[in-house]
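Novice: First, the structure itself, so that you have it in front of you.
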Amino acid sequence: MFPYRPSSERLLLIAISTVLSAAMLSKASVAAAQQPGFSQLFSSPELSAPLPDAAFRVPSGARPPSQIFEGRLELQPPSGYGYGKIISTTFDSVRTDLYWKRLPPFRVEFVQDATHLVPVQQGLILTGSPAWNLIVGAGSVWDQAGDNGYTRASLPFALIERSQNCVHNGELTFLFSNTQQPSISQVRYQITQETCYYMKVDMWGQVPAHYTREEIPQAGDVKSAYESEMAARVPTKPLSALANDFPDTHVDLAAFLRGRKHPEDVTTFGVYINGIHYASNCPTRYGEYPFCSEMRLPSYSTAKSAFAGVAMMHLGQLFGQEVYANKLTAYLPNVGQDASWNAVSFSNALDMATGHFLSPGFERDEDGPEEKFLVDEDLDAKLKDALLTFPRKVPPGVIWDYQSHNTFLATVAMNKLAKEKLDPGADLFNLVRDDIYKPLHISQGMLTTLRTGDSAAGEPEGYFGLFYIQDDVVKIARFLDESGGVLNGKTVLDPQRLRESLFRDPKTEGLLTGDPRQRSGTVRYNHAFWARHYTTLEYPQLTCDLWVPYMSGYGGISVVMLPNGVIFYVFSDAEEFIFNDAVLETSKVVPLCPA
């Protein structure tokens, strides 16, 4: 029997306690009865629907694993195979193109750390599929009655739409043995949840697998990195504990989702208060997701803040504030753009104020030029979409017009600047990754990003393309909200620009947002960050007026950074951007205004 190591056992208990509520734990006792049994996993059954998600959870009565999985797992689903059901979609092509319900080829190396099965590659895996890429997370291994001497494994994984940021979350499970033949069963998988406004689907199936048992040279490093990541997680409690921890405040937990027409489309949400991360569960269409703390969440446009905006502040700290005024065209490949772009600076692009647009407001008409930019993969094609389609209407810096291609242009230009200033082999995302994300102990699965060409060698796209877990969201927001740009005693972000980004500098005005006919000044945009003005006139329960900065992402993603150190986040996909009640409810615990 593979022995427990105390540190790993402790980490397992921490992980379980931070992910599962008492209600979820009560379901573990019936998980074994719902699981695909030994005979099912060694046959090819007809599958009419996904299983309850509890079937992928470690059941009560599980024993420590008697065998070690180390080596390569390969899945090669048969051509055309896959069960699926469309829940909703805005694209008619999805209904006729069956690629969406086909699991892509799967080849991942794993090492086992006591009761944990840890993938060697935890970031984005490019599969070559026309539909899907992958992210595989760390899961569990155990023995249980009825498995005939085999050890059982269960893992979280996510399907990532090729060159897009939608995330479809699921699980897989299988049996393996180092002494019996065959060495591995078939793999049962399912997708029952997503953060994706335009495409909601269930997928499921069972496919043959191949297990190549071999020593992984970097196994020790993989285990050490995994244990370090788990140990560095922000202390977490179930959301329900918030009311128990602050009984005198009479916090109403229902307020956090109040006003939503579609609360069923909320993936997860949470609050960070006084050093504790209070996290909700992760509901799916088939129960609670058993790997909630490992569920991958798309950044969408929060990457404009958490990556592109942060990258600009980092370059400003490294090379001086003059870099903000650098002109885009001096750092962009020439694809035939006219001279009207020559006056546009890095900052203008990050402010959504290039002066180039078709109509001010939001450029996101289906089948329009901005949609073409979002779909195109090739670098030159994206540059042409951005630079040759939108004419100059006003001088830069005057009017806000929300276009993802602006952030893309700034990111490509910043990448070229990094190469010139640092090294020809430098990469902007890797610079932010190594100087900021890694010291923050961001999860290893978030240390890759979407790039042009659906290629690991492409340009980081900047306007979307990160893949968080709950812990990552809290760490990034907390760093921006509280650090003043200092990380481990070193200033890594330009402090002045950070204050401006968070509307903490009284001189910061930002740009009015939204339809120019309806702009009220309540919501503004500056340096790739949003902010909302809360006033005593609108909210009499407050005793002061203040600006609340936030990051925002397509579909209904909000990460709110309150000036009192509280963080609120919500990931949803119903196009609902609602958090005012949540902000006011947290002020019962930590007041927003000075006494």
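By order in the structure tokens, chains are A, B, ...; within a chain, residues start at 1; ligands start at 1, following the order shown.
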Please give the complete set of residues from range 197-297 of chain A that DSSP, run on the backbone, assigns to strand (DSSP E), formatted as a ChimeraX atom specification.
Specialist: /A:199-207,209-213,236-238,266-273,276-279,283-284,287-288,297
Novice: Pull the alpha helix (DSSP H) assignments for range 344-520 of chain A out of DSSP run on the backbone, and list those residues as an NGL selection string.
Specialist: :A and (346-350 or 369-375 or 379-387 or 404-421 or 428-432 or 470-482 or 495-501)
Novice: If you keep C-alpha atoms, can you produce a file of those selected residues as a PDB file, in the first residue's frame?
Specialist:
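Produced file result-v2.pdb, reproduced below:
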```
ATOM      1  CA  PHE A 346      -0.276  52.734 -25.517  1.00  0.00           C
ATOM      2  CA  SER A 347      -2.415  54.486 -22.905  1.00  0.00           C
ATOM      3  CA  ASN A 348      -5.008  55.608 -25.447  1.00  0.00           C
ATOM      4  CA  ALA A 349      -5.501  51.990 -26.504  1.00  0.00           C
ATOM      5  CA  LEU A 350      -5.819  50.695 -22.933  1.00  0.00           C
ATOM      6  CA  PRO A 369     -15.970  43.781 -38.009  1.00  0.00           C
ATOM      7  CA  GLU A 370     -15.284  43.392 -34.288  1.00  0.00           C
ATOM      8  CA  GLU A 371     -16.789  39.903 -34.380  1.00  0.00           C
ATOM      9  CA  LYS A 372     -14.485  39.041 -37.288  1.00  0.00           C
ATOM     10  CA  PHE A 373     -11.510  40.243 -35.248  1.00  0.00           C
ATOM     11  CA  LEU A 374     -12.546  38.026 -32.328  1.00  0.00           C
ATOM     12  CA  VAL A 375     -12.867  34.947 -34.539  1.00  0.00           C
ATOM     13  CA  LEU A 379      -1.814  37.681 -36.224  1.00  0.00           C
ATOM     14  CA  ASP A 380      -1.831  39.654 -39.470  1.00  0.00           C
ATOM     15  CA  ALA A 381      -5.536  39.041 -39.962  1.00  0.00           C
ATOM     16  CA  LYS A 382      -6.308  40.356 -36.485  1.00  0.00           C
ATOM     17  CA  LEU A 383      -4.082  43.390 -37.012  1.00  0.00           C
ATOM     18  CA  LYS A 384      -5.814  44.198 -40.303  1.00  0.00           C
ATOM     19  CA  ASP A 385      -9.224  43.748 -38.702  1.00  0.00           C
ATOM     20  CA  ALA A 386      -8.243  46.276 -36.030  1.00  0.00           C
ATOM     21  CA  LEU A 387      -6.269  48.815 -38.025  1.00  0.00           C
ATOM     22  CA  SER A 404     -11.309  44.382 -27.591  1.00  0.00           C
ATOM     23  CA  HIS A 405      -8.992  44.981 -30.519  1.00  0.00           C
ATOM     24  CA  ASN A 406      -7.670  48.120 -28.775  1.00  0.00           C
ATOM     25  CA  THR A 407      -6.312  46.018 -25.917  1.00  0.00           C
ATOM     26  CA  PHE A 408      -4.923  43.527 -28.440  1.00  0.00           C
ATOM     27  CA  LEU A 409      -3.022  46.289 -30.245  1.00  0.00           C
ATOM     28  CA  ALA A 410      -1.614  47.550 -26.944  1.00  0.00           C
ATOM     29  CA  THR A 411      -0.584  44.014 -25.945  1.00  0.00           C
ATOM     30  CA  VAL A 412       1.225  43.338 -29.234  1.00  0.00           C
ATOM     31  CA  ALA A 413       2.990  46.701 -28.916  1.00  0.00           C
ATOM     32  CA  MET A 414       3.955  46.095 -25.275  1.00  0.00           C
ATOM     33  CA  ASN A 415       5.303  42.689 -26.257  1.00  0.00           C
ATOM     34  CA  LYS A 416       7.561  44.321 -28.859  1.00  0.00           C
ATOM     35  CA  LEU A 417       8.691  46.894 -26.285  1.00  0.00           C
ATOM     36  CA  ALA A 418       9.593  44.107 -23.837  1.00  0.00           C
ATOM     37  CA  LYS A 419      11.663  42.392 -26.510  1.00  0.00           C
ATOM     38  CA  GLU A 420      13.522  45.613 -27.299  1.00  0.00           C
ATOM     39  CA  LYS A 421      14.135  46.561 -23.671  1.00  0.00           C
ATOM     40  CA  LEU A 428       5.038  39.950 -22.269  1.00  0.00           C
ATOM     41  CA  PHE A 429       2.853  37.274 -20.737  1.00  0.00           C
ATOM     42  CA  ASN A 430       5.833  35.306 -19.467  1.00  0.00           C
ATOM     43  CA  LEU A 431       7.228  38.515 -17.967  1.00  0.00           C
ATOM     44  CA  VAL A 432       4.020  39.131 -15.999  1.00  0.00           C
ATOM     45  CA  GLN A 470     -11.429  30.896  -7.352  1.00  0.00           C
ATOM     46  CA  ASP A 471      -8.175  31.311  -5.409  1.00  0.00           C
ATOM     47  CA  ASP A 472      -6.478  33.066  -8.342  1.00  0.00           C
ATOM     48  CA  VAL A 473      -9.265  35.624  -8.551  1.00  0.00           C
ATOM     49  CA  VAL A 474      -8.912  36.525  -4.888  1.00  0.00           C
ATOM     50  CA  LYS A 475      -5.108  36.721  -5.006  1.00  0.00           C
ATOM     51  CA  ILE A 476      -4.945  38.964  -8.067  1.00  0.00           C
ATOM     52  CA  ALA A 477      -7.701  41.275  -6.814  1.00  0.00           C
ATOM     53  CA  ARG A 478      -6.211  41.426  -3.309  1.00  0.00           C
ATOM     54  CA  PHE A 479      -2.782  42.276  -4.719  1.00  0.00           C
ATOM     55  CA  LEU A 480      -4.193  45.130  -6.799  1.00  0.00           C
ATOM     56  CA  ASP A 481      -6.455  46.354  -3.995  1.00  0.00           C
ATOM     57  CA  GLU A 482      -4.021  46.285  -1.081  1.00  0.00           C
ATOM     58  CA  PRO A 495       2.298  52.963  -7.780  1.00  0.00           C
ATOM     59  CA  GLN A 496       0.937  56.158  -9.309  1.00  0.00           C
ATOM     60  CA  ARG A 497      -0.630  54.404 -12.284  1.00  0.00           C
ATOM     61  CA  LEU A 498      -2.080  51.772  -9.957  1.00  0.00           C
ATOM     62  CA  ARG A 499      -3.764  54.490  -7.863  1.00  0.00           C
ATOM     63  CA  GLU A 500      -5.159  56.001 -11.050  1.00  0.00           C
ATOM     64  CA  SER A 501      -6.371  52.615 -12.292  1.00  0.00           C
TER      65      SER A 501
END
```
Novice: From the options A:Gln190, A:Ser88, A:Ser66, A:Gln206, which residue's atoms come nearest to Tyr289 in chain A, counting only C-alpha atoms?
Specialist: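 Closest to Tyr289 in chain A of all the choices is A:Gln190.
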Novice: For range 140-150 of chain A, please output as a ChimeraX atom specification all residues within 6 Å (counting only C-alpha atoms; exclusion window: fewer than 2 positions along the same chain).
Specialist: /A:38,62-65,115-117,152-154,175-177
Novice: How would the residues just picked look written out with C-alpha atoms as a PDB file, in the first residue's frame?
Specialist:
```pdb
ATOM      1  CA  PHE A  38     -16.161  -2.183 -12.465  1.00  0.00           C
ATOM      2  CA  ALA A  62     -12.745   4.990   0.501  1.00  0.00           C
ATOM      3  CA  ARG A  63      -9.344   3.544   1.338  1.00  0.00           C
ATOM      4  CA  PRO A  64      -5.900   4.991   0.592  1.00  0.00           C
ATOM      5  CA  PRO A  65      -4.712   3.999  -2.889  1.00  0.00           C
ATOM      6  CA  THR A 115      -3.956  10.572  -2.671  1.00  0.00           C
ATOM      7  CA  HIS A 116      -3.584  13.179  -5.408  1.00  0.00           C
ATOM      8  CA  LEU A 117      -3.133  12.609  -9.138  1.00  0.00           C
ATOM      9  CA  ARG A 152      -9.836   4.372  -8.959  1.00  0.00           C
ATOM     10  CA  ALA A 153      -8.981   7.885 -10.167  1.00  0.00           C
ATOM     11  CA  SER A 154     -11.166  10.944 -10.678  1.00  0.00           C
ATOM     12  CA  LEU A 175      -9.625   2.291 -12.926  1.00  0.00           C
ATOM     13  CA  PHE A 176      -5.954   1.321 -13.180  1.00  0.00           C
ATOM     14  CA  SER A 177      -3.633  -1.439 -12.000  1.00  0.00           C
TER      15      SER A 177
END
```
Novice: Which polymer residues have any atom within 9 Å of an atom of Gln403 in chain A, counting only C-alpha atoms, with same-chain residues fewer than 5 positions away left out, as a list in words?
Specialist: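 Neighbouring residues, sequence-local ones excluded: Met352, Phe357, Gly361, Phe362, Glu363, Arg364 and Glu370 of chain A.
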